[in-house]
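Trainee: This one is model-v3.txt, compact mmCIF, C-alpha atoms.
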# COMPACT_ATOMS: atom_id res chain seq x y z
CA MET V 93 -156.18 -19.30 -44.65
CA LYS V 94 -152.65 -17.98 -45.05
CA LEU V 95 -151.87 -14.55 -43.61
CA ASP V 96 -149.16 -12.34 -45.02
CA PRO V 97 -146.91 -11.10 -42.17
CA GLY V 98 -146.59 -7.87 -44.14
CA LEU V 99 -142.90 -7.44 -43.45
CA ALA V 100 -141.44 -7.37 -46.96
CA GLY V 101 -140.10 -3.92 -47.78
CA LYS V 102 -140.53 -2.58 -44.25
CA ARG V 103 -137.77 -0.30 -43.03
CA VAL V 104 -136.37 -1.46 -39.72
CA VAL V 105 -133.91 -0.09 -37.16
CA VAL V 106 -132.39 -2.47 -34.62
CA THR V 107 -130.06 -1.29 -31.87
CA GLY V 108 -127.33 -3.65 -30.69
CA GLY V 109 -127.67 -5.75 -33.83
CA SER V 110 -124.22 -7.21 -34.28
CA ARG V 111 -124.37 -10.04 -31.74
CA GLY V 112 -126.64 -12.33 -29.76
CA ILE V 113 -130.37 -11.62 -29.78
CA GLY V 114 -129.97 -8.47 -31.89
CA ARG V 115 -128.18 -10.36 -34.61
CA ALA V 116 -130.88 -13.04 -34.68
CA ILE V 117 -133.52 -10.31 -35.02
CA VAL V 118 -131.60 -8.68 -37.88
CA GLU V 119 -131.25 -12.01 -39.67
CA MET V 120 -134.91 -12.91 -39.26
CA LEU V 121 -136.28 -9.55 -40.43
CA ALA V 122 -133.79 -9.30 -43.30
CA GLY V 123 -134.91 -12.80 -44.29
CA GLU V 124 -138.46 -11.47 -44.52
CA GLY V 125 -137.35 -8.85 -47.03
CA CYS V 126 -137.09 -5.94 -44.61
CA ASP V 127 -134.59 -3.14 -45.21
CA VAL V 128 -132.66 -3.29 -41.93
CA THR V 129 -130.28 -0.76 -40.41
CA PHE V 130 -128.66 -1.95 -37.23
CA PHE V 131 -126.51 -0.05 -34.79
CA TYR V 132 -123.56 -1.53 -32.95
CA ARG V 133 -121.46 0.03 -30.22
CA GLY V 134 -117.91 -0.89 -31.10
CA ASN V 135 -117.28 -4.34 -32.49
CA ALA V 136 -116.94 -3.59 -36.20
CA GLU V 137 -115.78 -7.10 -36.98
CA ALA V 138 -118.90 -8.65 -35.44
CA ALA V 139 -121.04 -6.10 -37.28
CA LYS V 140 -119.42 -6.99 -40.59
CA GLU V 141 -120.06 -10.67 -39.94
CA ALA V 142 -123.67 -9.95 -39.02
CA VAL V 143 -124.24 -8.03 -42.27
CA ALA V 144 -122.75 -10.88 -44.28
CA ALA V 145 -124.72 -13.55 -42.40
CA ALA V 146 -128.03 -11.72 -42.72
CA GLY V 147 -127.75 -11.26 -46.46
CA GLY V 148 -130.50 -9.13 -47.97
CA ASN V 149 -130.72 -5.42 -47.47
CA VAL V 150 -128.77 -4.74 -44.25
CA THR V 151 -126.73 -1.70 -43.21
CA ALA V 152 -124.58 -1.47 -40.09
CA GLU V 153 -123.69 1.79 -38.36
CA GLN V 154 -121.55 2.40 -35.31
CA LEU V 155 -123.51 4.25 -32.62
CA ASP V 156 -123.28 4.76 -28.90
CA VAL V 157 -126.94 4.90 -27.88
CA ARG V 158 -126.00 6.89 -24.76
CA ASP V 159 -125.24 9.87 -27.01
CA ALA V 160 -128.55 11.61 -27.74
CA ALA V 161 -127.18 13.89 -30.48
CA ALA V 162 -125.49 10.97 -32.23
CA CYS V 163 -128.76 9.00 -32.08
CA ALA V 164 -130.69 11.88 -33.65
CA ALA V 165 -128.09 12.20 -36.41
CA ALA V 166 -128.06 8.44 -37.06
CA ILE V 167 -131.85 8.34 -37.40
CA GLU V 168 -131.70 11.34 -39.74
CA ARG V 169 -129.29 9.36 -41.94
CA VAL V 170 -131.65 6.38 -41.97
CA MET V 171 -134.47 8.73 -43.02
CA GLU V 172 -132.35 10.28 -45.75
CA ARG V 173 -131.81 6.81 -47.20
CA GLY V 174 -135.46 5.84 -47.28
CA GLU V 175 -137.94 8.41 -46.03
CA ARG V 176 -139.61 6.22 -43.39
CA ILE V 177 -139.00 3.92 -40.45
CA ASP V 178 -141.65 1.27 -39.94
CA ILE V 179 -140.19 -0.76 -37.11
CA LEU V 180 -137.81 0.12 -34.28
CA VAL V 181 -136.33 -2.64 -32.14
CA ASN V 182 -134.65 -1.29 -29.02
CA ASN V 183 -132.39 -4.21 -28.26
CA ALA V 184 -129.07 -2.68 -27.16
CA GLY V 185 -128.35 -3.48 -23.55
CA ILE V 186 -125.54 -4.35 -21.17
CA ILE V 187 -125.14 -6.09 -17.83
CA ARG V 188 -122.79 -5.27 -14.95
CA ASP V 189 -123.94 -7.85 -12.42
CA ASN V 190 -122.84 -7.53 -8.82
CA GLN V 191 -124.46 -7.32 -5.42
CA LEU V 192 -125.71 -3.83 -4.70
CA ALA V 193 -123.17 -3.12 -1.94
CA ALA V 194 -120.34 -3.98 -4.32
CA LEU V 195 -121.55 -1.97 -7.32
CA GLU V 196 -119.31 0.87 -8.47
CA ASP V 197 -120.88 4.13 -9.63
CA ASP V 198 -120.09 3.21 -13.24
CA ASP V 199 -121.84 -0.15 -12.88
CA VAL V 200 -125.04 1.71 -12.14
CA THR V 201 -124.74 4.61 -14.57
CA ASP V 202 -123.45 2.53 -17.51
CA VAL V 203 -126.36 0.11 -17.25
CA LEU V 204 -129.02 2.78 -16.78
CA ASP V 205 -127.56 5.11 -19.42
CA THR V 206 -127.39 2.34 -22.00
CA ASN V 207 -130.47 0.28 -21.20
CA VAL V 208 -132.81 3.14 -20.37
CA GLY V 209 -131.16 6.31 -21.68
CA GLY V 210 -130.38 4.59 -24.97
CA VAL V 211 -134.01 3.61 -25.46
CA PHE V 212 -135.11 7.18 -24.78
CA ASN V 213 -132.50 8.61 -27.16
CA VAL V 214 -133.27 6.38 -30.12
CA THR V 215 -137.03 6.33 -29.60
CA ARG V 216 -137.26 10.12 -29.26
CA ALA V 217 -135.49 10.43 -32.59
CA VAL V 218 -137.76 7.92 -34.35
CA VAL V 219 -141.17 8.77 -32.88
CA PRO V 220 -141.75 12.06 -34.77
CA TYR V 221 -141.51 10.16 -38.04
CA MET V 222 -143.86 7.42 -36.88
CA ILE V 223 -146.36 10.06 -35.71
CA MET V 224 -146.18 11.69 -39.13
CA GLN V 225 -146.51 8.32 -40.88
CA ARG V 226 -149.51 7.43 -38.72
CA ALA V 227 -148.07 3.97 -38.38
CA GLY V 228 -145.19 2.18 -36.74
CA ARG V 229 -144.05 -0.54 -34.41
CA ILE V 230 -141.73 -0.09 -31.47
CA ILE V 231 -140.46 -3.25 -29.82
CA ASN V 232 -138.38 -2.96 -26.67
CA LEU V 233 -136.26 -5.73 -25.20
CA SER V 234 -136.98 -6.16 -21.53
CA SER V 235 -135.95 -9.17 -19.43
CA VAL V 236 -137.35 -11.69 -16.99
CA SER V 237 -135.26 -9.72 -14.47
CA ALA V 238 -137.88 -6.96 -14.59
CA SER V 239 -140.44 -9.19 -12.93
CA LYS V 240 -138.38 -11.85 -11.15
CA GLY V 241 -135.80 -10.90 -8.54
CA GLY V 242 -132.29 -12.13 -9.15
CA ARG V 243 -129.19 -11.71 -7.00
CA GLY V 244 -126.64 -9.25 -8.35
CA GLN V 245 -129.05 -7.66 -10.82
CA THR V 246 -130.42 -4.57 -9.10
CA ASN V 247 -129.04 -2.27 -11.77
CA TYR V 248 -130.10 -4.47 -14.70
CA ALA V 249 -133.50 -5.31 -13.18
CA ALA V 250 -134.20 -1.64 -12.49
CA SER V 251 -133.32 -0.77 -16.07
CA LYS V 252 -135.62 -3.42 -17.49
CA GLY V 253 -138.43 -2.53 -15.09
CA ALA V 254 -138.13 0.99 -16.43
CA ILE V 255 -138.37 -0.29 -19.99
CA GLU V 256 -141.60 -2.12 -19.23
CA ALA V 257 -143.12 1.01 -17.67
CA PHE V 258 -141.83 3.05 -20.63
CA THR V 259 -143.46 0.58 -23.02
CA ARG V 260 -146.89 0.87 -21.42
CA ALA V 261 -146.77 4.67 -21.14
CA LEU V 262 -145.60 5.15 -24.72
CA ALA V 263 -148.25 2.74 -25.99
CA VAL V 264 -150.88 5.08 -24.53
CA GLU V 265 -149.27 8.17 -26.07
CA LEU V 266 -148.90 6.75 -29.55
CA ALA V 267 -152.05 4.66 -29.95
CA PRO V 268 -153.98 7.55 -31.55
CA ARG V 269 -151.45 7.45 -34.40
CA ASN V 270 -151.53 3.67 -34.83
CA VAL V 271 -147.99 3.30 -33.50
CA LEU V 272 -147.92 0.06 -31.49
CA VAL V 273 -145.47 -0.25 -28.62
CA ASN V 274 -144.68 -3.60 -27.04
CA ALA V 275 -141.84 -5.38 -25.29
CA VAL V 276 -140.35 -8.84 -25.29
CA ALA V 277 -139.02 -10.14 -21.97
CA PRO V 278 -136.51 -12.91 -22.59
CA GLY V 279 -135.45 -15.38 -19.94
CA VAL V 280 -131.97 -16.90 -19.92
CA ILE V 281 -130.84 -16.96 -23.53
CA GLU V 282 -127.73 -18.61 -24.95
CA THR V 283 -125.72 -15.48 -25.73
CA GLU V 284 -122.33 -14.09 -24.77
CA MET V 285 -124.08 -11.74 -22.37
CA SER V 286 -125.51 -14.55 -20.25
CA GLN V 287 -122.46 -16.77 -20.51
CA ASP V 288 -121.22 -16.07 -16.97
CA VAL V 289 -124.59 -16.84 -15.39
CA ARG V 290 -124.94 -20.04 -17.39
CA GLU V 291 -121.41 -21.15 -16.52
CA MET V 292 -121.68 -20.35 -12.83
CA ALA V 293 -125.17 -21.60 -12.10
CA GLY V 294 -126.33 -23.25 -15.30
CA ALA V 295 -127.74 -26.48 -13.85
CA GLU V 296 -129.46 -24.73 -10.96
CA VAL V 297 -131.01 -22.09 -13.22
CA LYS V 298 -132.09 -24.63 -15.81
CA GLY V 299 -133.81 -26.59 -13.06
CA ARG V 300 -136.01 -23.54 -12.40
CA ILE V 301 -137.07 -23.12 -16.03
CA LEU V 302 -140.29 -25.02 -16.73
CA LEU V 303 -139.12 -26.10 -20.17
CA ARG V 304 -135.73 -27.18 -18.73
CA ARG V 305 -133.65 -25.48 -21.37
CA PHE V 306 -132.15 -22.10 -22.06
CA GLY V 307 -133.67 -20.07 -24.85
CA THR V 308 -132.00 -19.37 -28.16
CA PRO V 309 -131.66 -15.95 -29.79
CA GLN V 310 -134.03 -17.26 -32.45
CA ASP V 311 -136.73 -17.87 -29.80
CA ILE V 312 -136.62 -14.16 -29.05
CA ALA V 313 -136.37 -13.14 -32.70
CA CYS V 314 -139.59 -15.09 -33.35
CA ALA V 315 -141.39 -13.03 -30.69
CA VAL V 316 -140.05 -9.81 -32.18
CA TRP V 317 -141.10 -11.02 -35.62
CA PHE V 318 -144.65 -11.52 -34.32
CA LEU V 319 -144.79 -8.04 -32.77
CA ALA V 320 -143.42 -6.51 -35.98
CA SER V 321 -145.79 -8.42 -38.24
CA ALA V 322 -149.37 -7.87 -39.35
CA TYR V 323 -150.32 -10.73 -37.03
CA SER V 324 -150.08 -8.43 -34.01
CA SER V 325 -151.94 -5.41 -35.35
CA TYR V 326 -154.29 -5.45 -32.32
CA VAL V 327 -151.55 -5.72 -29.68
CA THR V 328 -150.09 -2.73 -27.87
CA GLY V 329 -148.71 -2.01 -24.41
CA GLU V 330 -147.94 -5.70 -23.90
CA ILE V 331 -144.94 -7.44 -22.41
CA LEU V 332 -144.45 -10.79 -24.14
CA HIS V 333 -142.56 -13.16 -21.86
CA VAL V 334 -140.36 -15.60 -23.74
CA ASP V 335 -138.59 -17.43 -20.94
CA GLY V 336 -139.60 -21.07 -21.05
CA GLY V 337 -141.76 -20.48 -17.98
CA PHE V 338 -138.88 -19.15 -15.86
CA LYS V 339 -141.01 -16.32 -14.52
CA MET V 340 -143.61 -18.82 -13.25
CA GLU V 341 -141.25 -20.74 -10.98
CA MET A 253 -138.39 44.25 -27.99
CA ALA A 254 -139.03 41.99 -30.96
CA THR A 255 -140.44 43.57 -34.10
CA GLU A 256 -144.15 42.98 -34.45
CA ILE A 257 -145.15 40.30 -36.96
CA THR A 258 -146.97 41.87 -39.88
CA LYS A 259 -150.04 40.54 -41.69
CA GLU A 260 -147.93 40.34 -44.87
CA GLU A 261 -145.45 38.06 -43.16
CA ILE A 262 -148.28 35.86 -41.93
CA MET A 263 -149.94 35.65 -45.36
CA ALA A 264 -146.59 34.75 -46.90
CA VAL A 265 -146.25 31.55 -44.83
CA TYR A 266 -149.95 30.75 -44.43
CA PRO A 267 -150.49 28.63 -47.60
CA LYS A 268 -147.66 26.26 -46.70
CA VAL A 269 -148.63 26.22 -43.02
CA ALA A 270 -152.24 25.40 -43.97
CA GLU A 271 -151.16 22.60 -46.27
CA THR A 272 -148.86 21.15 -43.60
CA MET A 273 -151.52 21.39 -40.90
CA ALA A 274 -154.11 19.76 -43.14
CA ASP A 275 -151.75 16.82 -43.64
CA ALA A 276 -151.27 16.50 -39.87
CA LEU A 277 -154.96 16.74 -39.08
CA GLY A 278 -156.15 14.68 -42.04
CA CYS A 279 -158.57 17.39 -43.17
CA ASP A 280 -159.01 19.54 -46.28
CA VAL A 281 -156.70 22.51 -46.65
CA GLU A 282 -159.80 24.72 -47.04
CA ASP A 283 -160.74 23.85 -43.44
CA ILE A 284 -157.57 25.49 -42.16
CA LYS A 285 -158.93 29.00 -41.83
CA LEU A 286 -156.52 31.45 -40.28
CA ASP A 287 -158.70 32.02 -37.20
CA VAL A 288 -160.28 28.64 -36.55
CA SER A 289 -159.68 27.12 -33.10
CA LEU A 290 -157.58 24.03 -33.64
CA ILE A 291 -159.09 22.11 -30.73
CA GLU A 292 -162.68 23.26 -30.82
CA GLY A 293 -162.96 23.84 -34.56
CA LEU A 294 -160.76 21.11 -35.99
CA ASP A 295 -160.77 18.50 -33.18
CA ALA A 296 -156.99 18.60 -32.82
CA GLU A 297 -155.56 16.48 -29.99
CA SER A 298 -152.25 16.92 -28.19
CA ILE A 299 -150.50 14.44 -30.48
CA ASP A 300 -151.72 16.49 -33.47
CA PHE A 301 -149.91 19.53 -32.09
CA LEU A 302 -146.68 17.54 -31.99
CA ASP A 303 -147.31 16.26 -35.49
CA MET A 304 -147.89 19.80 -36.76
CA VAL A 305 -144.67 21.01 -35.16
CA PHE A 306 -142.66 18.12 -36.68
CA ARG A 307 -144.13 18.74 -40.11
CA LEU A 308 -143.63 22.50 -39.95
CA GLU A 309 -140.01 21.98 -38.93
CA ARG A 310 -139.44 19.84 -42.01
CA ALA A 311 -141.49 22.00 -44.38
CA PHE A 312 -139.76 25.24 -43.37
CA LYS A 313 -136.41 23.76 -42.31
CA ILE A 314 -136.66 25.40 -38.91
CA LYS A 315 -136.41 24.27 -35.29
CA ILE A 316 -139.43 24.83 -33.06
CA PRO A 317 -138.86 24.11 -29.38
CA ARG A 318 -141.05 21.09 -28.59
CA GLY A 319 -143.93 21.59 -26.21
CA LYS A 320 -142.80 25.09 -25.38
CA ILE A 321 -145.46 27.22 -26.99
CA VAL A 322 -146.95 28.08 -23.62
CA GLU A 323 -143.49 28.72 -22.20
CA ASN A 324 -142.76 31.08 -25.09
CA ALA A 325 -146.05 32.84 -24.55
CA ARG A 326 -144.90 33.61 -21.02
CA GLY A 327 -141.97 35.57 -22.43
CA ASP A 328 -139.76 37.12 -19.74
CA LEU A 329 -142.44 36.84 -17.10
CA PRO A 330 -141.36 34.48 -14.29
CA GLU A 331 -143.58 31.40 -13.98
CA ALA A 332 -144.81 32.44 -10.52
CA GLU A 333 -146.03 35.75 -11.95
CA PHE A 334 -147.60 34.13 -15.01
CA GLU A 335 -149.63 31.50 -13.21
CA GLN A 336 -150.61 30.43 -9.74
CA LYS A 337 -151.88 26.92 -8.99
CA GLY A 338 -152.53 26.32 -12.67
CA ILE A 339 -154.53 29.54 -13.18
CA VAL A 340 -153.16 32.37 -15.33
CA THR A 341 -152.72 35.54 -13.26
CA GLU A 342 -153.99 38.93 -14.35
CA LYS A 343 -150.47 39.92 -15.36
CA GLY A 344 -150.11 36.59 -17.14
CA LEU A 345 -153.32 37.14 -19.06
CA LEU A 346 -152.06 40.49 -20.33
CA GLN A 347 -148.83 38.83 -21.47
CA LEU A 348 -150.78 36.02 -23.12
CA LYS A 349 -153.05 38.44 -24.95
CA SER A 350 -150.05 40.31 -26.24
CA TYR A 351 -148.33 37.09 -27.42
CA LEU A 352 -151.53 35.71 -28.94
CA SER A 353 -152.57 39.05 -30.39
CA GLU A 354 -154.40 37.27 -33.23
CA ILE A 355 -156.96 35.84 -30.80
CA PRO A 356 -160.03 38.02 -30.16
CA ASP A 357 -160.44 39.23 -26.58
CA SER A 358 -163.75 37.40 -26.21
CA ARG A 359 -161.97 34.02 -26.38
CA PHE A 360 -159.86 34.71 -23.28
CA LYS A 361 -161.96 33.37 -20.41
CA THR A 362 -161.28 34.28 -16.80
CA PRO A 363 -160.21 32.49 -14.77
CA MET A 364 -158.09 30.79 -17.41
CA LYS A 365 -156.39 27.48 -16.68
CA VAL A 366 -152.86 27.06 -18.07
CA ALA A 367 -153.99 23.68 -19.41
CA ASP A 368 -156.64 25.47 -21.49
CA ILE A 369 -154.22 27.83 -23.27
CA PRO A 370 -153.82 25.48 -26.28
CA ARG A 371 -157.59 25.81 -26.80
CA LEU A 372 -156.88 29.35 -28.00
CA PHE A 373 -154.43 28.30 -30.71
CA THR A 374 -155.33 28.86 -34.35
CA PRO A 375 -153.44 28.35 -37.61
CA GLU A 376 -152.35 31.98 -37.28
CA THR A 377 -150.64 31.08 -33.98
CA PHE A 378 -148.61 28.51 -35.88
CA CYS A 379 -147.85 30.96 -38.71
CA LYS A 380 -146.38 33.26 -36.08
CA LEU A 381 -144.47 30.38 -34.55
CA VAL A 382 -142.90 29.68 -37.93
CA ILE A 383 -142.04 33.34 -38.49
CA ARG A 384 -140.43 33.62 -35.04
CA ALA A 385 -138.37 30.47 -35.71
CA GLN A 386 -137.33 31.84 -39.11
CA ARG A 387 -136.29 35.12 -37.51
CA GLU A 388 -134.30 33.29 -34.83
CA ALA A 389 -132.55 31.17 -37.46
CA ALA A 390 -131.75 34.26 -39.52
CA ALA A 391 -130.40 36.07 -36.44
CA ALA A 392 -128.25 33.07 -35.52
CA ALA A 393 -126.86 32.92 -39.05
What is this file in structure tokens?

Mentor:
Amino acid sequence: MKLDPGLAGKRVVVTGGSRGIGRAIVEMLAGEGCDVTFFYRGNAEAAKEAVAAAGGNVTAEQLDVRDAAACAAAIERVMERGERIDILVNNAGIIRDNQLAALEDDDVTDVLDTNVGGVFNVTRAVVPYMIMQRAGRIINLSSVSASKGGRGQTNYAASKGAIEAFTRALAVELAPRNVLVNAVAPGVIETEMSQDVREMAGAEVKGRILLRRFGTPQDIACAVWFLASAYSSYVTGEILHVDGGFKME
Amino acid sequence: MATEITKEEIMAVYPKVAETMADALGCDVEDIKLDVSLIEGLDAESIDFLDMVFRLERAFKIKIPRGKIVENARGDLPEAEFEQKGIVTEKGLLQLKSYLSEIPDSRFKTPMKVADIPRLFTPETFCKLVIRAQREAAAAA
């Protein structure tokens, strides 16, 4: 039996889509025939490259997810272009790692405003449409940091813990309208964002990952693909850990 | 004091409100009688109320403050005078009856829990909501 993932023609929004995991998600969903709009914060060059690499039907828009009014306007523009949004991937996130006592105010607020506030801003703009459509998928990017303590990550871990709680609560709210809400919790992935950690403590960290390798952006994109596809139509409120067993150690 | 909403104004928006509400509730437009209780008569849930508000905003190109119907019903009355420990006060009940003037007196139970106020809502309540939003938009313009 061959199942159709049901992704062709779906209208998708991905935040933070120009680099790393976001870019891999954009490429994978565009490859399935989705109509993808991704938001990027400031690197127009990277966004242009991501559009070209993805091929297919991909649009890039500059957006600071911390700006609620800008998020609402950006989602309105997406709706004007196509009248529905089937899948939202809340991927945009930043790190400002440091030990708690050394964190500056901005290190805390920037991370929480982007990683948590950004998810609220974009999701609040999208949810009314999904409620009206009586269908939708929301996939949030969490992190292994939400469930496994790591030095220098209080701000990031707190933000991702919030996202997991947000995911479960929203899944309850939206289930009556067949809007499924899940999260993917990546481990250490080979991206620019994790470069410092991998350079400073790569061997030690790898030794604590059961599969003894770092993940790739495509590993995470595959999990997002599953949660966006028809294969996961009975899954909601779940946190899918894609970390090579890092959480287990 | 805001001008009273007339029956003519209500009947002018009612067909479109009924159509929009039927879409949100997944029922026939004929079921959307002006005075039917949305919760008890049409099995509306809290998410349906949000859906109706979103759809009405788009259909009428208006802005309805989300989740603030009860707050609006309170009018200028301070919260502490409107309700105490989740129960609508006597003064609050008078205010509520005036705001929801379309609802027959017999449907206002005492003591009335604030959480039960949405049980009173009917399609006419939403017609009035639309008219108030239209008036506000016109005044702002």

Trainee: Pick from V:Phe130, V:Tyr326, V:Tyr221, V:Tyr248: nearest to Val181 of chain V, with only C-alpha atoms counted?

Mentor: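 Once distances to Val181 of chain V are computed over only C-alpha atoms, the minimum belongs to V:Phe130.
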
Trainee: For chain A, which residues have at least one atom within 8 Å of chain V, if we go by all atoms listed in the file? Write them as a PyMOL selection string, please.

Mentor: chain A and resi 276+299+302-303+306-307

Trainee: With C-alpha atoms retained, write the just-selected residues as a short mmCIF file (atom, residue, chain, number, x, y, z; two decimals), in the frame of the given file.

Mentor:
data_model
loop_
_atom_site.label_atom_id
_atom_site.label_comp_id
_atom_site.auth_asym_id
_atom_site.auth_seq_id
_atom_site.Cartn_x
_atom_site.Cartn_y
_atom_site.Cartn_z
CA ALA A 276 -151.27 16.50 -39.87
CA ILE A 299 -150.50 14.44 -30.48
CA LEU A 302 -146.68 17.54 -31.99
CA ASP A 303 -147.31 16.26 -35.49
CA PHE A 306 -142.66 18.12 -36.68
CA ARG A 307 -144.13 18.74 -40.11
#

Trainee: So that I can check the surroundings of segment 118-129 of chain V, please list as an MDAnalysis selection string every protein, DNA and RNA residue that reaches within 10 Å of it, counting all atoms listed in the file and ignoring chain neighbours fewer than 3 positions away.

Mentor: chainID V and resid 97:111 113:115 142:153 167 170 174 177:181 310 313:314 316:317 320:321

Trainee: Between atom CA of Ser251 of chain V and atom CA of Ala295 of chain V, measure the distance and give it in Å to one decimal.

Mentor: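 About the pair atom CA of Ser251 of chain V and atom CA of Ala295 of chain V: they are 26.4 Å apart.
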
Trainee: Need the shell around Ser237 of chain V: protein/DNA/RNA residues with any atom at most 9 Å away, counting all atoms listed in the file. Skip same-chain ones fewer than 2 positions apart. Format as a ChimeraX atom specification?

Mentor: /V:234-235,239-242,245-246,248-250,252-253,277-279,339

Trainee: Fewer than 5 positions away in the same chain doesn't count, so skip those; otherwise give me all residues within 12 Å of Met273 of chain A, counting all atoms listed in the file, as JSON, numbers by chain.

Mentor: {"V": [224], "A": [266, 267, 268, 278, 279, 280, 281, 282, 283, 284, 285, 286, 290, 294, 296, 300, 301, 302, 303, 304, 305, 306, 307, 308, 309, 311, 374, 375, 376, 377, 378, 379]}
